[in-house]
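Here's the structure, in structure tokens; my notes come after.
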Amino acid sequence: MALTREQQETLVRVGAGTPMGELFRRYWIPVLLSEELVERDGAQVRVRILGEDLIAFRDSEGRIGLIDEFCPHRGVSLFFARNEECGLRCAYHGWKFDVNGQCVDMPSEPEESNFKHKVRTAAYPCVERGGMIWAYMGPPELRPPEPALDWLTVPPSHIFITKRFQESNWLQSLEGAIDSSHVGVLHRYDLDHDRLHQDAEGPKYIKADTRPKFEVAEAPFGVAIGARRNADEHHDYWRITPFIMPFHQMVPPYGGNPTGGHSFVPIDDVNVWVYSFYYHPTKPIPPELRESMEGGSGIHSVNIPGTYRPRANRSNDYQIDRAAQKARKTFSGVKGIAAQDAACQESMGPIQDRTRERLGTSDAGIIAARRRLLEAAIALRDRGEAPPALQPEDQQIRSASLLLPKGVAFLEAAADAIHAEPGKPLVSL
Amino acid sequence: MALTREQQETLVRVGAGTPMGELFRRYWIPVLLSEELVERDGAQVRVRILGEDLIAFRDSEGRIGLIDEFCPHRGVSLFFARNEECGLRCAYHGWKFDVNGQCVDMPSEPEESNFKHKVRTAAYPCVERGGMIWAYMGPPELRPPEPALDWLTVPPSHIFITKRFQESNWLQSLEGAIDSSHVGVLHRYDLDHDRLHQDAEGPKYIKADTRPKFEVAEAPFGVAIGARRNADEHHDYWRITPFIMPFHQMVPPYGGNPTGGHSFVPIDDVNVWVYSFYYHPTKPIPPELRESMEGGSGIHSVNIPGTYRPRANRSNDYQIDRAAQKARKTFSGVKGIAAQDAACQESMGPIQDRTRERLGTSDAGIIAARRRLLEAAIALRDRGEAPPALQPEDQQIRSASLLLPKGVAFLEAAADAIHAEPGKPLVSL
Amino acid sequence: MALTREQQETLVRVGAGTPMGELFRRYWIPVLLSEELVERDGAQVRVRILGEDLIAFRDSEGRIGLIDEFCPHRGVSLFFARNEECGLRCAYHGWKFDVNGQCVDMPSEPEESNFKHKVRTAAYPCVERGGMIWAYMGPPELRPPEPALDWLTVPPSHIFITKRFQESNWLQSLEGAIDSSHVGVLHRYDLDHDRLHQDAEGPKYIKADTRPKFEVAEAPFGVAIGARRNADEHHDYWRITPFIMPFHQMVPPYGGNPTGGHSFVPIDDVNVWVYSFYYHPTKPIPPELRESMEGGSGIHSVNIPGTYRPRANRSNDYQIDRAAQKARKTFSGVKGIAAQDAACQESMGPIQDRTRERLGTSDAGIIAARRRLLEAAIALRDRGEAPPALQPEDQQIRSASLLLPKGVAFLEAAADAIHAEPGKPLVSL
């Protein structure tokens, strides 16, 4: 059941020209939080995505530019450029580029020269949705409709997002998020205390049935992963986790709490940005809950101030506390769900060797997601087939937790519960 | 006399499947100080030996486990595991392994599943001897008797051990230890002051004859290296240094002081653990001497507190003090015998290029040790011959300093002096 | 106009045996400031030049030695050696080498042994000129006359030199220095304030004509680069920058101020020492100007005390100040001409990929210098032709700023102005 070397290579490489790299480039991709690029003509930001070094800026009109980090003239970084009058002006010789990558000024060349019109640099279109900036890095003629994922449809008051840097290949982080079976182990002692799990009925079923059964079903958005626990004689308690192509995941909700999710955006082959969010389709996030998430509750990371690097990280062994581990305050000695996931996933190495692993029945979600990704990447490469979930209607999906009659096919039975529409309440137990 | 490229490669590579790597794996190897793994169910420790990443733990019964660092399931490091109830439980999905590497619990899989019985991870047997934990990493059916080196036979009161991390290939450190000719140069100004050289007669001969002659003799334990100095008309003063296969060395004693030695344990091709000890076969180490060694006297290192990394190290140029060098307080400007050795040996680069060196007559010990190691490694690889010094009787050896009649063959004449037996006094001048 | 991959490789590689590496080795090369090696029998200094690791010392007679860093015996670094009695004595076994690389003592070998006479280590002859130590690293029989560059002919009172470490290939730094067109962009706001540009007539022409024309002319010393600006109906204002083979550049002077220049000495393929100087052929540098340069005025770097590493460097984003950039106190947000150049040139990467660049008419100087270097390297490699500017008479060159009648060939018309002779006043406007 372990992957072949070739399958593994296909899944983990994200550069231009690789099968997965080309697959990713057909989607809108989160590249920054909006909070990182607020001011018009403010400081530009270095962005590394899918192995490409880019620079993002907000121009005098408020438009967002995302262009090659290096000036095409002599290769100097535009990090040192001036962001002024609708363009980024290289600090070395003053060549200036607009948000479309067109050179619009070239003071070092004779005025009569036509040279500037001939010079363009790589530029990717961007949109802002849900407090994030999204870019499309693929062929212009194949640009899909703007992203319409459920959490992007709510007003800012209804959503809370953070991000963190993870030192591993992107797939390790995605696999962790769709791997429900680790939650009751690694995060066992966090579940009880966390603000985001309180006042819900679901946990009573979770505690009563400690060995859930997992079922997976391919779907237009990606893969639906259901965890089934016994509820009563006639019903099962289901928690349904959607994996949305190519790298989004949604956490089943608890009672009246907001529901969460992640986007795992490859920086390059060995680093990934983890975006983590909670949102509520119908009501604002209460201030005290927002504050608690700023402090690291739920799946949020506590970062080094001024950066998106976790305070507990690989270089300090995630501030492991053996006494807390012994006292069962944490299962691993590491504090916080985000840091626990990072500790495990980064410890696998920059790229986990999946040719040697030993998968069990509880890894069904991981196996299904890998298959979905591999098939889509190969279909694109070999037959030019457009990948799944490019269209807004295929993105109208959300997680759910609910009771279903015993014996039903969960994806069919929960179809309405996981179908997302703006303003429609969560189905959550 | 320089090595060929092929000989050099054979000597320095220690990974599984290399000739030297396989040779090392036929011996018991020190992997930790006992002080690093004291408590039952206490914190596990990362161990990297011969290029293998392992994790050591002491279980609820006091048994020592040394197993693959990474869980066979998904490759997560067992550094984050729980050490509880006779096994190490992975923090990710709770798979649990005992000291034999057998999976004994697998909570993420159905109870009726037989999967856990099929999963084993690499595990190496360990014993504790002389304040150290020793492992056997070779084929189980070829496991030799437990180590019986002289310093392992004394009670804890009679021995003092430290260890330090060295950033070089293992062979550079071994060669330094059996290279008597550098002692009077590099350590020249340390000899006079050091506690461990006082109240002895030997130094008067050392000072009187500044150009000792070196003789080497192959022996069942490895190589005996004799340094001969003129004593009187009829006698020579001999200092005999045994190189014990595959990486141990013993320092000739001074008068009534304890005698010292080293074990040089390859971490991988470019790093080595240096274990340094003094012991007395017949009496305890006095408290004030023990304290002096904790402060770095003799061959002991002063480490960064809480680590086994020397305070004076490559990143700080070994805290070199040019004024002290000028004033002849130290020969090299570096303080302490251990730091002086590390400074020289690490400065050769991660792996010294021995194809370019210029050896002299004073390098006879180095040349003999290399030959012994190469022959043993090739004999094992090509003819499956068991290497020397696996049997306890071949390990009953110690260093000595003594007068011998002129003209005798030193190994024969000093046979009794260097033959070790528990409780037998040192022969030391 | 971009380079081919092969041309690029030829230009950037500096190791022994490469075309450019061999070209450099035919010249005298600055390896240290004299201030780094002042005291007889003082501390030796590590020197890495053209990819070779060397050690420099000043012996008991004041002679300078520059020899292989590693002892030929066992490869130990001579950084730990003793500098005493006209030689460097290795700390490991006491082998001692004089400034010629001859082994002159070998205490570890028998006195009657003739071994020491047979052991030599690599040694390069050195001279001191203009506050710098220069070495010749080429074939002894081809050693050229000692360097006679104009700034080496003045007394210490007339010159001020600093150096800084740059993390890029050497060519990026040279190209920056001969690239006049970046000065009015990157350094725009520094020109007005800097002490070294004051009380001169030239700047009025610079401000009046913002698009200078560049002309280049091959010359015996290398390449002359002229920037022409309109002055009046009959005259042009010329600023002439000589590129002197193989890596020197001179800055045109302003009025009565001293004139500046650089030497860009390759450390290896990805690092370079930048030596920066101002000198006056006819008068001392005033104390207040010397002080201002110590503080970083002109092209000088502000270094971390006790080192030659800039305080503003790659690891701290050159202490970029976005508010100062916005307020047009600096063009790039980086303070100081030296740091601005380093920021741009290091941001191109360790070795800029010149196969992808887009050169314009303002890059004429860069194009000419590359051609001159390539032709000289190939001529040496293929036909053994001695490179340009080895002879003192070809080094008698300096920069100038002056008015010339319109329409003249600048190199011919300014021949006397840029011809250097000791004591001859600068031609400077």
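Starting from 1 in every chain, residues are counted up; chains themselves are A, B, ... following the order of the structure tokens, and ligands are numbered from 1 as listed.
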Please identify all polymer residues within 12 Å of Gly42 in chain A, counting only C-alpha atoms, omitting same-chain residues fewer than 5 positions from it, and present them as a PDB file with N, CA, C and O atoms, in the first residue's frame.
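Output file part_7.pdb follows:
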ATOM      1  N   GLU A  35      -3.851  41.340   5.487  1.00  0.00           N
ATOM      2  CA  GLU A  35      -3.186  42.192   6.472  1.00  0.00           C
ATOM      3  C   GLU A  35      -1.709  42.429   6.149  1.00  0.00           C
ATOM      4  O   GLU A  35      -1.080  43.323   6.704  1.00  0.00           O
ATOM      5  N   GLU A  36      -1.153  41.607   5.253  1.00  0.00           N
ATOM      6  CA  GLU A  36       0.258  41.768   4.904  1.00  0.00           C
ATOM      7  C   GLU A  36       0.479  42.831   3.831  1.00  0.00           C
ATOM      8  O   GLU A  36       1.627  43.185   3.547  1.00  0.00           O
ATOM      9  N   LEU A  37      -0.594  43.286   3.194  1.00  0.00           N
ATOM     10  CA  LEU A  37      -0.443  44.203   2.061  1.00  0.00           C
ATOM     11  C   LEU A  37      -1.596  45.184   2.090  1.00  0.00           C
ATOM     12  O   LEU A  37      -2.446  45.212   1.203  1.00  0.00           O
ATOM     13  N   ALA A  56       5.110  40.976  -4.108  1.00  0.00           N
ATOM     14  CA  ALA A  56       3.735  41.473  -4.143  1.00  0.00           C
ATOM     15  C   ALA A  56       3.702  42.929  -3.695  1.00  0.00           C
ATOM     16  O   ALA A  56       4.427  43.306  -2.778  1.00  0.00           O
ATOM     17  N   PHE A  57       2.875  43.732  -4.350  1.00  0.00           N
ATOM     18  CA  PHE A  57       2.736  45.136  -3.940  1.00  0.00           C
ATOM     19  C   PHE A  57       1.321  45.610  -4.217  1.00  0.00           C
ATOM     20  O   PHE A  57       0.618  45.058  -5.061  1.00  0.00           O
ATOM     21  N   ARG A  58       0.906  46.607  -3.459  1.00  0.00           N
ATOM     22  CA  ARG A  58      -0.390  47.233  -3.702  1.00  0.00           C
ATOM     23  C   ARG A  58      -0.113  48.611  -4.280  1.00  0.00           C
ATOM     24  O   ARG A  58       0.583  49.417  -3.664  1.00  0.00           O
ATOM     25  N   ASP A  59      -0.633  48.874  -5.470  1.00  0.00           N
ATOM     26  CA  ASP A  59      -0.238  50.107  -6.157  1.00  0.00           C
ATOM     27  C   ASP A  59      -1.091  51.303  -5.711  1.00  0.00           C
ATOM     28  O   ASP A  59      -1.937  51.186  -4.813  1.00  0.00           O
ATOM     29  N   SER A  60      -0.838  52.448  -6.330  1.00  0.00           N
ATOM     30  CA  SER A  60      -1.492  53.701  -5.907  1.00  0.00           C
ATOM     31  C   SER A  60      -3.007  53.641  -6.050  1.00  0.00           C
ATOM     32  O   SER A  60      -3.737  54.383  -5.398  1.00  0.00           O
ATOM     33  N   GLU A  61      -3.489  52.756  -6.933  1.00  0.00           N
ATOM     34  CA  GLU A  61      -4.934  52.610  -7.132  1.00  0.00           C
ATOM     35  C   GLU A  61      -5.519  51.508  -6.263  1.00  0.00           C
ATOM     36  O   GLU A  61      -6.703  51.182  -6.380  1.00  0.00           O
ATOM     37  N   GLY A  62      -4.685  50.840  -5.468  1.00  0.00           N
ATOM     38  CA  GLY A  62      -5.181  49.758  -4.630  1.00  0.00           C
ATOM     39  C   GLY A  62      -5.112  48.397  -5.314  1.00  0.00           C
ATOM     40  O   GLY A  62      -5.430  47.385  -4.705  1.00  0.00           O
ATOM     41  N   ARG A  63      -4.687  48.380  -6.587  1.00  0.00           N
ATOM     42  CA  ARG A  63      -4.542  47.082  -7.276  1.00  0.00           C
ATOM     43  C   ARG A  63      -3.360  46.307  -6.716  1.00  0.00           C
ATOM     44  O   ARG A  63      -2.372  46.902  -6.278  1.00  0.00           O
ATOM     45  N   ILE A  64      -3.462  44.994  -6.775  1.00  0.00           N
ATOM     46  CA  ILE A  64      -2.381  44.152  -6.261  1.00  0.00           C
ATOM     47  C   ILE A  64      -1.546  43.635  -7.412  1.00  0.00           C
ATOM     48  O   ILE A  64      -2.079  43.120  -8.404  1.00  0.00           O
ATOM     49  N   PHE A  79      12.642  43.789  -4.041  1.00  0.00           N
ATOM     50  CA  PHE A  79      12.427  44.083  -2.631  1.00  0.00           C
ATOM     51  C   PHE A  79      12.967  45.472  -2.291  1.00  0.00           C
ATOM     52  O   PHE A  79      12.470  46.144  -1.392  1.00  0.00           O
ATOM     53  N   ALA A  81      13.014  47.952  -4.434  1.00  0.00           N
ATOM     54  CA  ALA A  81      12.397  48.909  -5.357  1.00  0.00           C
ATOM     55  C   ALA A  81      11.547  49.924  -4.598  1.00  0.00           C
ATOM     56  O   ALA A  81      11.248  49.759  -3.414  1.00  0.00           O
ATOM     57  N   ARG A  82      11.158  50.986  -5.314  1.00  0.00           N
ATOM     58  CA  ARG A  82      10.235  51.987  -4.781  1.00  0.00           C
ATOM     59  C   ARG A  82       8.834  51.657  -5.298  1.00  0.00           C
ATOM     60  O   ARG A  82       8.633  51.476  -6.495  1.00  0.00           O
ATOM     61  N   ASN A  83       7.862  51.610  -4.405  1.00  0.00           N
ATOM     62  CA  ASN A  83       6.473  51.396  -4.782  1.00  0.00           C
ATOM     63  C   ASN A  83       5.817  52.767  -4.897  1.00  0.00           C
ATOM     64  O   ASN A  83       5.466  53.381  -3.897  1.00  0.00           O
ATOM     65  N   GLU A  84       5.681  53.273  -6.116  1.00  0.00           N
ATOM     66  CA  GLU A  84       5.250  54.660  -6.284  1.00  0.00           C
ATOM     67  C   GLU A  84       4.527  54.859  -7.604  1.00  0.00           C
ATOM     68  O   GLU A  84       4.897  54.270  -8.619  1.00  0.00           O
ATOM     69  N   GLU A  85       3.515  55.672  -7.617  1.00  0.00           N
ATOM     70  CA  GLU A  85       2.782  56.054  -8.826  1.00  0.00           C
ATOM     71  C   GLU A  85       2.474  54.866  -9.729  1.00  0.00           C
ATOM     72  O   GLU A  85       2.896  54.799 -10.881  1.00  0.00           O
ATOM     73  N   CYS A  86       1.737  53.915  -9.151  1.00  0.00           N
ATOM     74  CA  CYS A  86       1.237  52.773  -9.928  1.00  0.00           C
ATOM     75  C   CYS A  86       2.327  51.894 -10.527  1.00  0.00           C
ATOM     76  O   CYS A  86       2.222  51.459 -11.692  1.00  0.00           O
ATOM     77  N   GLY A  87       3.355  51.634  -9.744  1.00  0.00           N
ATOM     78  CA  GLY A  87       4.357  50.697 -10.243  1.00  0.00           C
ATOM     79  C   GLY A  87       5.491  50.530  -9.258  1.00  0.00           C
ATOM     80  O   GLY A  87       5.641  51.314  -8.308  1.00  0.00           O
ATOM     81  N   LEU A  88       6.269  49.501  -9.497  1.00  0.00           N
ATOM     82  CA  LEU A  88       7.416  49.194  -8.656  1.00  0.00           C
ATOM     83  C   LEU A  88       8.658  49.578  -9.457  1.00  0.00           C
ATOM     84  O   LEU A  88       8.898  49.056 -10.546  1.00  0.00           O
TER      85      LEU A  88
ATOM     86  N   ARG C 322      11.841  51.630   5.481  1.00  0.00           N
ATOM     87  CA  ARG C 322      10.837  51.983   4.475  1.00  0.00           C
ATOM     88  C   ARG C 322      10.363  53.431   4.628  1.00  0.00           C
ATOM     89  O   ARG C 322       9.990  54.067   3.645  1.00  0.00           O
ATOM     90  N   ALA C 323      10.386  53.933   5.854  1.00  0.00           N
ATOM     91  CA  ALA C 323       9.953  55.322   6.060  1.00  0.00           C
ATOM     92  C   ALA C 323      10.957  56.271   5.408  1.00  0.00           C
ATOM     93  O   ALA C 323      10.580  57.242   4.746  1.00  0.00           O
ATOM     94  N   GLN C 325      12.828  55.544   2.929  1.00  0.00           N
ATOM     95  CA  GLN C 325      12.664  55.380   1.482  1.00  0.00           C
ATOM     96  C   GLN C 325      11.491  56.229   0.995  1.00  0.00           C
ATOM     97  O   GLN C 325      11.601  56.956   0.008  1.00  0.00           O
ATOM     98  N   LYS C 326      10.371  56.129   1.714  1.00  0.00           N
ATOM     99  CA  LYS C 326       9.172  56.890   1.351  1.00  0.00           C
ATOM    100  C   LYS C 326       9.468  58.399   1.360  1.00  0.00           C
ATOM    101  O   LYS C 326       9.027  59.140   0.480  1.00  0.00           O
TER     102      LYS C 326
END
Write out as a PDB file with all heavy atoms, in the first residue's frame every residue belonging to chain C that has an atom at most 6 Å from any atom of chain A, counting only C-alpha atoms.
ATOM      1  N   HIS C 182      23.717  53.661 -12.865  1.00  0.00           N
ATOM      2  CA  HIS C 182      22.965  53.381 -11.636  1.00  0.00           C
ATOM      3  C   HIS C 182      23.186  54.466 -10.581  1.00  0.00           C
ATOM      4  O   HIS C 182      22.425  54.565  -9.628  1.00  0.00           O
ATOM      5  CB  HIS C 182      23.329  52.003 -11.063  1.00  0.00           C
ATOM      6  CG  HIS C 182      24.534  52.002 -10.166  1.00  0.00           C
ATOM      7  ND1 HIS C 182      25.824  51.936 -10.626  1.00  0.00           N
ATOM      8  CD2 HIS C 182      24.648  52.057  -8.811  1.00  0.00           C
ATOM      9  CE1 HIS C 182      26.668  51.941  -9.617  1.00  0.00           C
ATOM     10  NE2 HIS C 182      25.994  52.023  -8.503  1.00  0.00           N
ATOM     11  N   VAL C 185      20.414  56.849  -9.965  1.00  0.00           N
ATOM     12  CA  VAL C 185      19.188  56.209  -9.493  1.00  0.00           C
ATOM     13  C   VAL C 185      19.397  55.727  -8.060  1.00  0.00           C
ATOM     14  O   VAL C 185      18.926  56.345  -7.111  1.00  0.00           O
ATOM     15  CB  VAL C 185      18.769  55.041 -10.432  1.00  0.00           C
ATOM     16  CG1 VAL C 185      17.476  54.412  -9.942  1.00  0.00           C
ATOM     17  CG2 VAL C 185      18.641  55.530 -11.868  1.00  0.00           C
ATOM     18  N   LEU C 186      20.157  54.671  -7.910  1.00  0.00           N
ATOM     19  CA  LEU C 186      20.320  54.057  -6.590  1.00  0.00           C
ATOM     20  C   LEU C 186      20.892  55.022  -5.553  1.00  0.00           C
ATOM     21  O   LEU C 186      20.474  55.033  -4.396  1.00  0.00           O
ATOM     22  CB  LEU C 186      21.236  52.824  -6.718  1.00  0.00           C
ATOM     23  CG  LEU C 186      21.505  52.031  -5.440  1.00  0.00           C
ATOM     24  CD1 LEU C 186      20.219  51.438  -4.886  1.00  0.00           C
ATOM     25  CD2 LEU C 186      22.519  50.921  -5.693  1.00  0.00           C
ATOM     26  N   SER C 332      16.422  53.487  -1.968  1.00  0.00           N
ATOM     27  CA  SER C 332      16.107  52.066  -1.794  1.00  0.00           C
ATOM     28  C   SER C 332      15.688  51.719  -0.379  1.00  0.00           C
ATOM     29  O   SER C 332      15.312  50.582  -0.115  1.00  0.00           O
ATOM     30  CB  SER C 332      17.358  51.242  -2.113  1.00  0.00           C
ATOM     31  OG  SER C 332      18.401  51.623  -1.217  1.00  0.00           O
ATOM     32  N   CYS C 344      21.873  45.550  -3.706  1.00  0.00           N
ATOM     33  CA  CYS C 344      21.472  45.219  -5.075  1.00  0.00           C
ATOM     34  C   CYS C 344      22.265  44.028  -5.607  1.00  0.00           C
ATOM     35  O   CYS C 344      21.703  43.082  -6.142  1.00  0.00           O
ATOM     36  CB  CYS C 344      21.672  46.428  -5.988  1.00  0.00           C
ATOM     37  SG  CYS C 344      20.418  47.706  -5.716  1.00  0.00           S
ATOM     38  N   SER C 347      21.547  40.703  -3.967  1.00  0.00           N
ATOM     39  CA  SER C 347      20.190  40.221  -4.232  1.00  0.00           C
ATOM     40  C   SER C 347      20.082  39.524  -5.585  1.00  0.00           C
ATOM     41  O   SER C 347      19.117  38.815  -5.844  1.00  0.00           O
ATOM     42  CB  SER C 347      19.185  41.373  -4.151  1.00  0.00           C
ATOM     43  OG  SER C 347      19.125  42.100  -5.356  1.00  0.00           O
ATOM     44  N   MET C 348      21.058  39.718  -6.460  1.00  0.00           N
ATOM     45  CA  MET C 348      21.076  39.009  -7.753  1.00  0.00           C
ATOM     46  C   MET C 348      21.325  37.513  -7.571  1.00  0.00           C
ATOM     47  O   MET C 348      21.221  36.758  -8.541  1.00  0.00           O
ATOM     48  CB  MET C 348      22.208  39.558  -8.626  1.00  0.00           C
ATOM     49  CG  MET C 348      22.080  41.020  -9.016  1.00  0.00           C
ATOM     50  SD  MET C 348      23.677  41.574  -9.693  1.00  0.00           S
ATOM     51  CE  MET C 348      23.196  43.117 -10.475  1.00  0.00           C
ATOM     52  N   GLU C 357      19.476  38.134 -18.851  1.00  0.00           N
ATOM     53  CA  GLU C 357      19.314  39.566 -18.613  1.00  0.00           C
ATOM     54  C   GLU C 357      18.943  40.317 -19.890  1.00  0.00           C
ATOM     55  O   GLU C 357      19.034  39.798 -20.997  1.00  0.00           O
ATOM     56  CB  GLU C 357      20.581  40.139 -17.970  1.00  0.00           C
ATOM     57  CG  GLU C 357      21.791  40.058 -18.843  1.00  0.00           C
ATOM     58  CD  GLU C 357      23.063  40.449 -18.125  1.00  0.00           C
ATOM     59  OE1 GLU C 357      23.049  40.740 -16.921  1.00  0.00           O
ATOM     60  OE2 GLU C 357      24.115  40.458 -18.793  1.00  0.00           O
ATOM     61  N   ARG C 358      18.472  41.560 -19.719  1.00  0.00           N
ATOM     62  CA  ARG C 358      18.064  42.401 -20.846  1.00  0.00           C
ATOM     63  C   ARG C 358      18.893  43.682 -20.809  1.00  0.00           C
ATOM     64  O   ARG C 358      18.546  44.611 -20.090  1.00  0.00           O
ATOM     65  CB  ARG C 358      16.574  42.758 -20.720  1.00  0.00           C
ATOM     66  CG  ARG C 358      15.630  41.563 -20.644  1.00  0.00           C
ATOM     67  CD  ARG C 358      15.493  40.868 -21.989  1.00  0.00           C
ATOM     68  NE  ARG C 358      14.941  41.738 -22.998  1.00  0.00           N
ATOM     69  CZ  ARG C 358      13.644  41.811 -23.315  1.00  0.00           C
ATOM     70  NH1 ARG C 358      12.779  41.029 -22.706  1.00  0.00           N
ATOM     71  NH2 ARG C 358      13.225  42.624 -24.242  1.00  0.00           N
TER      72      ARG C 358
END
### Message
From a backbone DSSP assignment, name each residue in range 351-380 of chain C labelled helix (DSSP H, G or I), as a list in words.
### Response
Thr361, Ser362, Asp363, Ala364, Gly365, Ile366, Ile367, Ala368, Ala369, Arg370, Arg371, Arg372, Leu373, Leu374, Glu375, Ala376, Ala377, Ile378, Ala379 and Leu380 of chain C
### Task
Would you work out the distance separating CA of Thr259 in chain B from CA of Pro388 in chain B, expressed in Å to one decimal?
23.7 Å
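When CA of Phe214 in chain C is paired with CA of Glu233 in chain C, their separation reads 19.3 Å.
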### Task
Please identify all polymer residues within 8 Å of range 152-169 of chain A, counting only C-alpha atoms, omitting same-chain residues fewer than 2 positions from it, and present them as JSON, numbers by chain.
{"A": [12, 33, 129, 130, 131, 147, 148, 149, 150, 171, 172, 173, 266, 268, 269, 270, 271, 272, 273, 274, 275, 276, 277, 278, 279, 280, 281, 282, 283, 284, 285, 290, 300, 301, 303, 308, 309, 310, 342, 345, 346, 349, 350, 351, 352, 422]}
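Distances here use only C-alpha atoms; by that measure, the residue among B:Gly298, B:Pro387, B:Gly407, B:Gly365 closest to Asp179 in chain B is B:Gly365.
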### strand (DSSP E or B) call set, DSSP backbone run, range 62-214 of chain B, as a ChimeraX atom specification
/B:64-68,70,77,82-83,88-89,96-97,102-105,120,123,126-129,132-136,159-166,213-214
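Around Ile206 in chain B, within 9 Å and counting only C-alpha atoms, the residues found are B:Gly184, B:Gly202, B:Pro203, B:Lys204, B:Ala208, B:Asp209, B:Thr210, B:Arg211, B:Pro212, B:Arg229, B:Asn230, B:Tyr237, once anything fewer than 2 positions away on its own chain is removed.
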### Message
as an MDAnalysis selection string, please: the residues near Ala343 in chain C (cut-off 8 Å, only C-alpha atoms, same-chain neighbours under 6 positions excluded).
### Response
(chainID A and resid 80) or (chainID C and resid 313:314 317:318 334)
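Neighbouring residues of Asp394 in chain B at 6 Å or closer, counting only C-alpha atoms and skipping chain neighbours under 5 positions away, are Pro220, Phe221 and Ala389 of chain B.
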### Task
Tell me, as a ChimeraX atom specification, which residues lie within 7 Å of range 249-253 of chain C, counting only C-alpha atoms; anything in the same chain fewer than 4 positions away does not count.
/C:177-178,239-244,257-263,398-401,428
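Taking CA of Ser292 in chain C and CA of Arg195 in chain C as endpoints, the distance between them is 7.7 Å.
If only C-alpha atoms are the atoms counted, then among C:Leu374, C:Met293, C:Ala327, C:Met137 the closest residue to Gly222 in chain C is C:Leu374.
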